[in-house]
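One file, query-v3.csv, is given below (CSV, C-alpha atoms).
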```
chain,number,residue,atom,x,y,z
A,1,MET,CA,-13.6,-8.8,-3.3
A,2,GLU,CA,-10.7,-9.4,-5.7
A,3,PRO,CA,-7.8,-11.4,-4.2
A,4,PRO,CA,-4.5,-9.4,-3.8
A,5,ARG,CA,-1.8,-9.8,-6.5
A,6,ALA,CA,1.0,-12.3,-5.8
A,7,ALA,CA,3.7,-9.7,-6.5
A,8,GLY,CA,2.2,-7.3,-4.0
A,9,LEU,CA,1.9,-10.0,-1.4
A,10,PHE,CA,5.5,-10.9,-2.0
A,11,GLU,CA,6.7,-7.3,-1.5
A,12,ARG,CA,4.7,-6.8,1.6
A,13,HIS,CA,5.4,-10.1,3.4
A,14,HIS,CA,8.5,-11.9,2.1
A,15,LEU,CA,10.9,-10.5,4.7
A,16,ALA,CA,8.6,-11.5,7.6
A,17,VAL,CA,8.0,-14.9,6.1
A,18,TYR,CA,11.7,-15.4,5.5
A,19,ARG,CA,12.6,-14.4,9.1
A,20,PHE,CA,9.9,-16.6,10.5
A,21,LEU,CA,11.1,-19.6,8.6
A,22,ARG,CA,14.7,-18.8,9.4
A,23,ARG,CA,13.9,-18.7,13.1
A,24,ALA,CA,11.8,-21.8,12.8
A,25,THR,CA,14.6,-23.8,10.9
A,26,GLY,CA,17.7,-22.0,12.1
A,27,ASP,CA,19.0,-22.3,8.5
A,28,GLY,CA,19.2,-19.3,6.2
A,29,PRO,CA,19.5,-21.1,2.8
A,30,ALA,CA,16.7,-23.5,3.8
A,31,ALA,CA,14.5,-20.5,4.8
A,32,GLU,CA,15.1,-19.0,1.3
A,33,ASP,CA,14.0,-22.3,-0.3
A,34,LEU,CA,10.9,-22.5,1.9
A,35,THR,CA,10.1,-18.8,1.3
A,36,GLN,CA,10.2,-19.5,-2.4
A,37,GLU,CA,7.9,-22.4,-1.9
A,38,VAL,CA,5.5,-20.3,0.1
A,39,PHE,CA,5.2,-17.7,-2.7
A,40,LEU,CA,4.9,-20.3,-5.4
A,41,ARG,CA,2.0,-21.8,-3.5
A,42,ILE,CA,0.5,-18.4,-3.2
A,43,VAL,CA,0.7,-17.8,-6.9
A,44,ARG,CA,-1.0,-21.2,-7.5
A,45,GLY,CA,-3.6,-20.7,-4.8
A,46,LEU,CA,-4.7,-17.1,-5.2
A,47,ASP,CA,-8.1,-18.2,-6.4
A,48,ARG,CA,-8.5,-19.9,-3.0
A,49,TYR,CA,-7.7,-16.7,-1.2
A,50,GLU,CA,-9.6,-16.7,2.1
A,51,ASP,CA,-11.3,-13.4,2.9
A,52,ARG,CA,-12.1,-14.5,6.4
A,53,LEU,CA,-8.4,-14.4,7.2
A,54,ARG,CA,-6.5,-11.2,7.2
A,55,GLU,CA,-4.0,-11.1,4.3
A,56,ARG,CA,-1.0,-11.6,6.6
A,57,ALA,CA,-2.6,-14.5,8.5
A,58,TRP,CA,-3.4,-16.2,5.1
A,59,VAL,CA,0.2,-15.8,4.0
A,60,PHE,CA,1.5,-17.2,7.3
A,61,ARG,CA,-1.0,-20.1,7.2
A,62,ILE,CA,0.7,-21.1,3.9
A,63,ALA,CA,4.1,-20.6,5.4
A,64,ARG,CA,3.2,-22.8,8.3
A,65,ASN,CA,1.9,-25.5,6.0
A,66,VAL,CA,5.2,-25.4,4.1
A,67,LEU,CA,7.1,-25.8,7.3
A,68,VAL,CA,5.0,-28.7,8.4
A,69,ASP,CA,5.5,-30.4,5.0
A,70,ARG,CA,9.2,-30.0,5.4
A,71,HIS,CA,9.1,-31.7,8.8
A,72,ARG,CA,7.0,-34.5,7.4
A,73,ARG,CA,9.4,-35.0,4.5
A,74,ALA,CA,12.3,-35.2,6.9
A,75,MET,CA,10.5,-37.8,9.0
A,76,ARG,CA,9.8,-39.9,6.0
A,77,THR,CA,13.5,-39.9,5.0
A,78,ASP,CA,14.6,-40.3,8.6
A,79,ARG,CA,16.8,-37.3,8.3
A,80,ASP,CA,17.6,-34.9,11.1
A,81,LEU,CA,17.0,-31.2,10.5
A,82,PRO,CA,19.7,-29.0,11.9
A,83,LEU,CA,18.1,-26.2,13.9
A,84,ALA,CA,21.2,-24.3,14.8
A,85,ALA,CA,24.6,-23.9,13.3
A,86,VAL,CA,27.8,-24.3,15.2
A,87,PRO,CA,29.1,-20.8,15.9
A,88,ASP,CA,32.3,-19.5,14.5
A,89,PRO,CA,34.7,-19.1,17.5
A,90,ALA,CA,35.7,-15.7,16.1
A,91,SER,CA,32.1,-14.5,15.8
A,92,ASP,CA,30.9,-11.5,17.9
A,93,ALA,CA,28.8,-11.7,21.0
A,94,ARG,CA,25.6,-10.8,19.1
A,95,GLN,CA,26.0,-13.7,16.8
A,96,THR,CA,26.7,-16.0,19.7
A,97,GLU,CA,23.6,-14.8,21.5
A,98,ALA,CA,21.5,-15.3,18.4
A,99,ILE,CA,22.8,-18.9,18.2
A,100,ALA,CA,22.0,-19.5,21.8
A,101,LEU,CA,18.5,-18.2,21.3
A,102,GLN,CA,18.1,-20.5,18.3
A,103,GLU,CA,19.1,-23.4,20.5
A,104,ALA,CA,16.6,-22.3,23.1
A,105,LEU,CA,13.9,-22.1,20.5
A,106,ALA,CA,14.8,-25.6,19.3
A,107,GLY,CA,14.2,-26.8,22.8
A,108,LEU,CA,10.5,-25.7,22.8
A,109,ARG,CA,7.7,-27.9,21.7
A,110,GLU,CA,6.8,-27.4,18.1
A,111,GLU,CA,3.3,-26.0,18.8
A,112,GLU,CA,4.7,-23.5,21.3
A,113,ARG,CA,7.6,-22.4,19.0
A,114,GLU,CA,5.3,-21.8,16.1
A,115,ALA,CA,2.7,-19.8,18.1
A,116,PHE,CA,5.5,-17.8,19.7
A,117,LEU,CA,7.2,-17.0,16.4
A,118,LEU,CA,3.9,-16.2,14.7
A,119,ARG,CA,3.4,-13.7,17.5
A,120,GLU,CA,6.9,-12.2,17.7
A,121,VAL,CA,8.2,-12.4,14.2
A,122,ALA,CA,5.0,-12.4,12.1
A,123,GLY,CA,3.2,-10.0,14.4
A,124,LEU,CA,-0.1,-11.9,14.4
A,125,GLY,CA,-2.7,-11.5,17.2
A,126,TYR,CA,-3.9,-14.5,19.1
A,127,GLU,CA,-7.1,-14.9,17.1
A,128,GLU,CA,-5.2,-14.8,13.8
A,129,ILE,CA,-2.6,-17.3,15.1
A,130,GLY,CA,-5.5,-19.5,16.1
A,131,ALA,CA,-6.8,-19.4,12.5
A,132,VAL,CA,-3.4,-20.2,11.2
A,133,VAL,CA,-2.7,-23.2,13.5
A,134,ASP,CA,-6.4,-24.3,14.0
A,135,ALA,CA,-6.5,-23.6,17.7
A,136,THR,CA,-8.6,-21.4,20.0
A,137,SER,CA,-7.3,-18.1,21.2
A,138,ASP,CA,-7.1,-19.5,24.7
A,139,ALA,CA,-4.9,-22.3,23.5
A,140,VAL,CA,-2.7,-19.9,21.7
A,141,ARG,CA,-2.4,-17.7,24.8
A,142,MET,CA,-1.2,-20.7,26.8
A,143,ARG,CA,1.2,-21.9,24.1
A,144,ILE,CA,2.8,-18.5,23.9
A,145,TYR,CA,3.0,-18.2,27.6
A,146,ARG,CA,4.7,-21.7,27.9
A,147,ALA,CA,7.2,-20.7,25.1
A,148,ARG,CA,8.1,-17.6,27.1
A,149,ALA,CA,8.4,-19.5,30.3
A,150,GLY,CA,10.7,-22.0,28.6
A,151,LEU,CA,12.8,-19.3,27.1
A,152,ARG,CA,13.2,-17.5,30.4
A,153,ALA,CA,15.7,-20.1,31.4
A,154,TRP,CA,17.8,-19.1,28.4
A,155,LEU,CA,17.5,-15.4,29.3
A,156,GLY,CA,18.3,-16.1,32.9
A,157,ALA,CA,21.3,-18.3,32.2
A,158,SER,CA,22.7,-16.1,29.5
A,159,GLY,CA,22.1,-12.5,30.5
A,160,GLY,CA,22.1,-12.2,26.7
A,161,THR,CA,25.6,-13.6,26.3
A,162,VAL,CA,25.4,-17.3,26.6
A,163,VAL,CA,28.1,-19.2,24.8
A,164,SER,CA,26.9,-22.5,23.6
A,165,ALA,CA,28.3,-24.3,20.7
A,166,ARG,CA,26.2,-27.5,20.9
A,167,ARG,CA,24.6,-28.6,17.7
A,168,GLU,CA,20.9,-29.2,18.3
A,169,THR,CA,18.8,-31.3,16.0
A,170,VAL,CA,15.1,-32.0,15.9
A,171,ARG,CA,13.1,-34.4,13.9
B,1,MET,CA,5.2,-17.5,41.1
B,2,LYS,CA,1.6,-18.2,40.1
B,3,GLU,CA,1.2,-19.5,36.6
B,4,GLU,CA,-1.9,-17.3,36.2
B,5,TRP,CA,0.2,-14.2,36.8
B,6,MET,CA,2.6,-15.2,34.0
B,7,VAL,CA,-0.2,-15.9,31.6
B,8,ALA,CA,-1.7,-12.5,32.3
B,9,LEU,CA,1.7,-10.8,31.9
B,10,SER,CA,2.3,-12.6,28.7
B,11,ALA,CA,-1.0,-11.5,27.3
B,12,LEU,CA,-0.3,-7.9,28.5
B,13,VAL,CA,3.0,-7.9,26.6
B,14,ASP,CA,1.1,-9.0,23.5
B,15,GLY,CA,-1.6,-6.3,23.8
B,16,GLU,CA,-4.2,-9.0,24.2
B,17,GLU,CA,-7.2,-9.0,26.5
B,18,VAL,CA,-6.4,-9.7,30.1
B,19,ALA,CA,-9.5,-11.3,31.5
B,20,ASP,CA,-8.8,-10.6,35.2
B,21,PRO,CA,-7.3,-7.2,35.9
B,22,ALA,CA,-7.1,-8.0,39.6
B,23,LEU,CA,-4.7,-10.9,38.7
B,24,LEU,CA,-2.6,-8.6,36.6
B,25,SER,CA,-2.5,-6.1,39.5
B,26,GLU,CA,-1.3,-8.8,41.8
B,27,ALA,CA,1.3,-9.8,39.4
B,28,LEU,CA,2.6,-6.3,38.8
B,29,ALA,CA,2.7,-5.6,42.6
B,30,SER,CA,5.2,-8.4,43.1
B,31,ALA,CA,8.9,-8.1,42.3
B,32,GLU,CA,8.8,-11.5,40.6
B,33,GLY,CA,6.0,-10.4,38.4
B,34,ARG,CA,7.8,-7.2,37.3
B,35,ALA,CA,11.0,-9.2,36.7
B,36,ALA,CA,9.1,-11.6,34.5
B,37,LEU,CA,7.6,-8.7,32.6
B,38,LEU,CA,11.0,-7.3,31.9
B,39,GLU,CA,12.3,-10.7,30.8
B,40,PHE,CA,9.4,-11.0,28.3
B,41,VAL,CA,10.3,-7.6,26.9
B,42,ARG,CA,14.0,-8.6,26.6
B,43,LEU,CA,13.0,-11.8,25.0
B,44,ARG,CA,11.0,-10.0,22.4
B,45,ALA,CA,13.9,-7.6,21.6
B,46,ALA,CA,16.2,-10.6,21.2
B,47,VAL,CA,13.9,-12.5,18.9
B,48,ARG,CA,13.1,-9.4,16.8
B,49,ALA,CA,16.8,-8.4,16.5
B,50,ASP,CA,17.0,-10.0,13.1
B,51,ASP,CA,17.6,-7.9,10.1
B,52,SER,CA,18.6,-10.8,7.9
B,53,CYS,CA,17.5,-10.8,4.3
B,54,PRO,CA,17.5,-13.4,1.5
B,55,ARG,CA,20.5,-13.4,-0.8
B,56,PRO,CA,20.2,-11.6,-4.2
B,57,GLU,CA,19.9,-14.9,-6.0
B,58,PHE,CA,16.7,-15.5,-4.1
B,59,TYR,CA,15.1,-12.4,-5.6
B,60,GLU,CA,16.3,-13.3,-9.1
B,61,LYS,CA,14.5,-16.6,-8.9
B,62,VAL,CA,11.3,-15.5,-7.1
B,63,ARG,CA,10.4,-12.1,-8.4
B,64,PRO,CA,9.8,-13.3,-12.0
B,65,ALA,CA,7.7,-16.2,-10.6
B,66,VAL,CA,5.3,-13.9,-8.7
B,67,GLY,CA,4.7,-11.6,-11.7
B,68,PRO,CA,4.8,-7.9,-12.1
B,69,ALA,CA,4.2,-5.7,-9.1
B,70,ARG,CA,1.4,-3.7,-10.8
B,71,ALA,CA,-0.8,-4.4,-13.7
B,72,TRP,CA,-4.1,-2.8,-14.8
B,73,SER,CA,-7.0,-5.2,-15.1
B,74,SER,CA,-9.9,-4.3,-17.4
B,75,ARG,CA,-12.1,-3.6,-14.4
B,76,GLY,CA,-9.4,-1.3,-13.0
B,77,LEU,CA,-9.2,0.6,-16.3
B,78,LEU,CA,-13.0,1.0,-16.4
B,79,ARG,CA,-13.0,2.3,-12.8
B,80,GLY,CA,-10.2,4.8,-13.6
B,81,LEU,CA,-12.0,6.0,-16.7
B,82,ALA,CA,-15.3,6.4,-14.8
B,83,ALA,CA,-13.5,8.3,-12.0
B,84,ALA,CA,-11.9,10.7,-14.6
B,85,VAL,CA,-15.3,11.4,-16.3
B,86,VAL,CA,-16.9,12.1,-12.9
B,87,PHE,CA,-14.0,14.4,-12.0
B,88,VAL,CA,-14.2,16.4,-15.2
B,89,LEU,CA,-18.0,16.8,-15.1
B,90,GLY,CA,-17.9,17.7,-11.4
B,91,THR,CA,-15.2,20.3,-11.9
B,92,ALA,CA,-17.0,21.9,-14.8
B,93,GLY,CA,-20.2,22.0,-12.8
B,94,LEU,CA,-18.5,23.7,-9.9
B,95,VAL,CA,-16.8,26.3,-12.1
B,96,ASP,CA,-20.2,27.1,-13.7
B,97,LEU,CA,-21.9,27.4,-10.4
B,98,GLY,CA,-19.2,29.6,-9.0
B,99,LEU,CA,-19.5,32.0,-12.0
B,100,ARG,CA,-23.2,32.2,-11.6
B,101,LEU,CA,-22.9,33.0,-7.9
B,102,ARG,CA,-20.4,35.7,-8.6
B,103,GLY,CA,-22.7,37.3,-11.2
B,104,VAL,CA,-20.4,36.9,-14.1
B,105,LYS,CA,-22.4,37.0,-17.2
B,106,GLN,CA,-21.9,34.3,-19.7
B,107,PRO,CA,-21.2,35.3,-23.4
B,108,VAL,CA,-24.4,35.1,-25.5
B,109,GLU,CA,-24.7,34.7,-29.2
B,110,GLN,CA,-26.2,38.2,-30.0
B,111,PRO,CA,-24.0,41.3,-29.9
B,112,PRO,CA,-24.6,43.7,-27.0
B,113,ARG,CA,-26.9,46.6,-27.5
B,114,ALA,CA,-25.2,50.0,-28.3
B,115,THR,CA,-25.2,52.5,-25.4
B,116,ARG,CA,-24.3,55.5,-27.6
B,117,VAL,CA,-24.0,56.2,-31.3
B,118,LEU,CA,-21.2,58.3,-33.0
B,119,ARG,CA,-22.0,59.8,-36.4
B,120,PHE,CA,-19.3,60.8,-38.9
B,121,GLU,CA,-20.2,63.1,-41.7
B,122,PRO,CA,-18.3,62.5,-45.0
B,123,GLY,CA,-16.4,65.7,-46.0
B,124,VAL,CA,-16.7,67.0,-42.5
B,125,ASP,CA,-15.4,64.4,-40.1
B,126,TRP,CA,-13.4,62.5,-42.7
B,127,GLN,CA,-12.0,63.1,-46.3
B,128,THR,CA,-11.5,60.8,-49.1
B,129,THR,CA,-8.1,61.2,-50.7
B,130,THR,CA,-6.4,59.6,-53.7
B,131,ARG,CA,-2.6,58.8,-53.8
```

Mind converting the file's structure to structure tokens?
Amino acid sequence: MEPPRAAGLFERHHLAVYRFLRRATGDGPAAEDLTQEVFLRIVRGLDRYEDRLRERAWVFRIARNVLVDRHRRAMRTDRDLPLAAVPDPASDARQTEAIALQEALAGLREEEREAFLLREVAGLGYEEIGAVVDATSDAVRMRIYRARAGLRAWLGASGGTVVSARRETVR
Amino acid sequence: MKEEWMVALSALVDGEEVADPALLSEALASAEGRAALLEFVRLRAAVRADDSCPRPEFYEKVRPAVGPARAWSSRGLLRGLAAAVVFVLGTAGLVDLGLRLRGVKQPVEQPPRATRVLRFEPGVDWQTTTR
């Protein structure tokens, strides 16, 4: 089977990849840079296209690797990665809610956050997520459940309108 | 609330297999379980409420790097050509078959035989004149 063309993969998946990375980093410009890196890696690695993974899962496996590399680089340079921007006091309620959600996501464990975002933003099933993060479907099931349980606190406290301007950072 | 209920509800929201339907039934029978289910749905809506897009500069940089959206490979061209030949031959065959079934006779190389003969006598039926 011929591998798909990079341009076609880009058109089909770049928005989902960008939004996944934006949620995972809380940083739009950084998500753009990472999305660019994802598709450059795809161009370079098309000959290693894995048929056993569904196309979308293969793309997100690369996106996840790019994200992991970013965290490793940050750890080497001992630099904090901002996960949520300080909200503009004049911003509307929706933006404030989005920032509160970003903070709540930042409070999750890395493996729970990535499994949850691969499910909710990328739309992957448990088995596909397992292939992306090298885990069993049962492990994925538990990670996603724990992420939801952790985020319930955010929902319960906010009713969707939490105002929180703390800057959260993770390493 | 039991953790197993929450795990079952979480899988239900994701459209994944729920191993123990009885557990799910218990979870949905409780007010706490139903509230948790609603919160999972609200959470999904909040996470997916993101219509952000990269800036135009991003596309200017990345689109040229990933190449043209469509290009014909030599294998693709051969496949297209073969499909066109099969289509033309198939269509011609079907037309021919249809004509045969309807009894339409095909033109042949010899002229048809005469069914009647008209004779004209010179000087009787026609005259030669000079101008």

At a cut-off of 9 Å, list the chain B residues touching chain A, using all atoms listed in the file, as an MDAnalysis selection string. chainID B and resid 6:11 14:16 36 39:40 42:44 46:55 58 61:70

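Take the candidates A:Arg64, A:Arg72, A:Arg12, A:Arg109 and check each one against Leu34 of chain A using all atoms listed in the file; the shortest distance goes to A:Arg64.
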
Hey, which of A:Ala147, A:Leu21, A:Arg76, A:Glu50 ends up closest to Glu110 of chain A? Count all atoms listed in the file.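 Checking each of A:Ala147, A:Leu21, A:Arg76, A:Glu50 against Glu110 of chain A, counting all atoms listed in the file, the winner is A:Ala147.
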
As an exercise, work out the distance from atom CA of Pro21 of chain B to atom CA of Gly130 of chain A in Å and give it to one decimal place.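 One can read the atom CA of Pro21 of chain B to atom CA of Gly130 of chain A distance as 23.4 Å.
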
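If you look at atom CA of Arg79 of chain B and atom CA of Arg56 of chain A, they are 26.7 Å away from each other.
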
For atom CA of Met1 of chain B and atom CA of Ala31 of chain B, the interatomic separation in Å (one decimal):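 That distance, rounded to one decimal, is 10.2 Å.
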